[in-house]
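Enquirer: One structure, pasted below without further comment.
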Amino acid sequence: VSLFNSYTNIGRMYIQMAEYRKALSHFSTLLELLQKTLPKDHPHLIATYNNIGIIHENMADYAKSQSFYNKSLDLCPKNATSNHLHVAM
């Protein structure tokens, strides 16, 4: 199991439990680690921005949510076709 999967699974568990601050802490830590080690358009980084957007949406902080969703969308592969795995998700 990778570090990404572990942080993501724990963060998602906290989202399901409505423990949004704990989820945000996990995903924020993961984001910092990924930003230091992966290219900016790596799928794990894109997914992490999206997950942070979900947390902010659940916390009714829609401006922050939209900001993270936009970061995720902006980093998606520009040359991907509609049947590309990352576009289809």
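How things are named: the first chain in the structure tokens is A, the next is B, and so on; residues count from 1 in each chain; ligands count from 1 in the order shown.
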Counting only C-alpha atoms, what is within 9 Å of segment 48-59 of chain A, bar same-chain residues fewer than 3 positions away, as a list in words?

Expert: Thr8, Gly11, Arg12, Ile15, Ala18, Tyr20, Arg21, Ala23, Leu24, Phe27, Ser28, Leu30, Leu31, Leu34, Pro43, His44, Leu45, Tyr62, Ala63, Lys64, Ser65, Gln66, Ser67, Phe68, Tyr69, Asn70, Lys71, Ser72 and Leu73 of chain A

Enquirer: State, in Å with one decimal place, the distance from atom CA of Lys36 of chain A to atom CA of Lys78 of chain A.

Expert: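 Taking atom CA of Lys36 of chain A as the start and atom CA of Lys78 of chain A as the end point, the length is 22.6 Å.
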
Enquirer: For a test of reading the model, state the distance in Å between atom CA of His26 of chain A and atom CA of Asn9 of chain A, rounded to one decimal.

Expert: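 Separation between atom CA of His26 of chain A and atom CA of Asn9 of chain A: 9.7 Å.
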
Enquirer: Can you list, as an MDAnalysis selection string, all residues belonging to segment 29-88 of chain A that DSSP tags as alpha helix (DSSP H)?

Expert: chainID A and resid 29:37 43:58 62:75 85:88

Enquirer: Just how far from atom CA of Ala60 of chain A is atom CA of Gln35 of chain A, in Å to one decimal?

Expert: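 The value is 25.8 Å.
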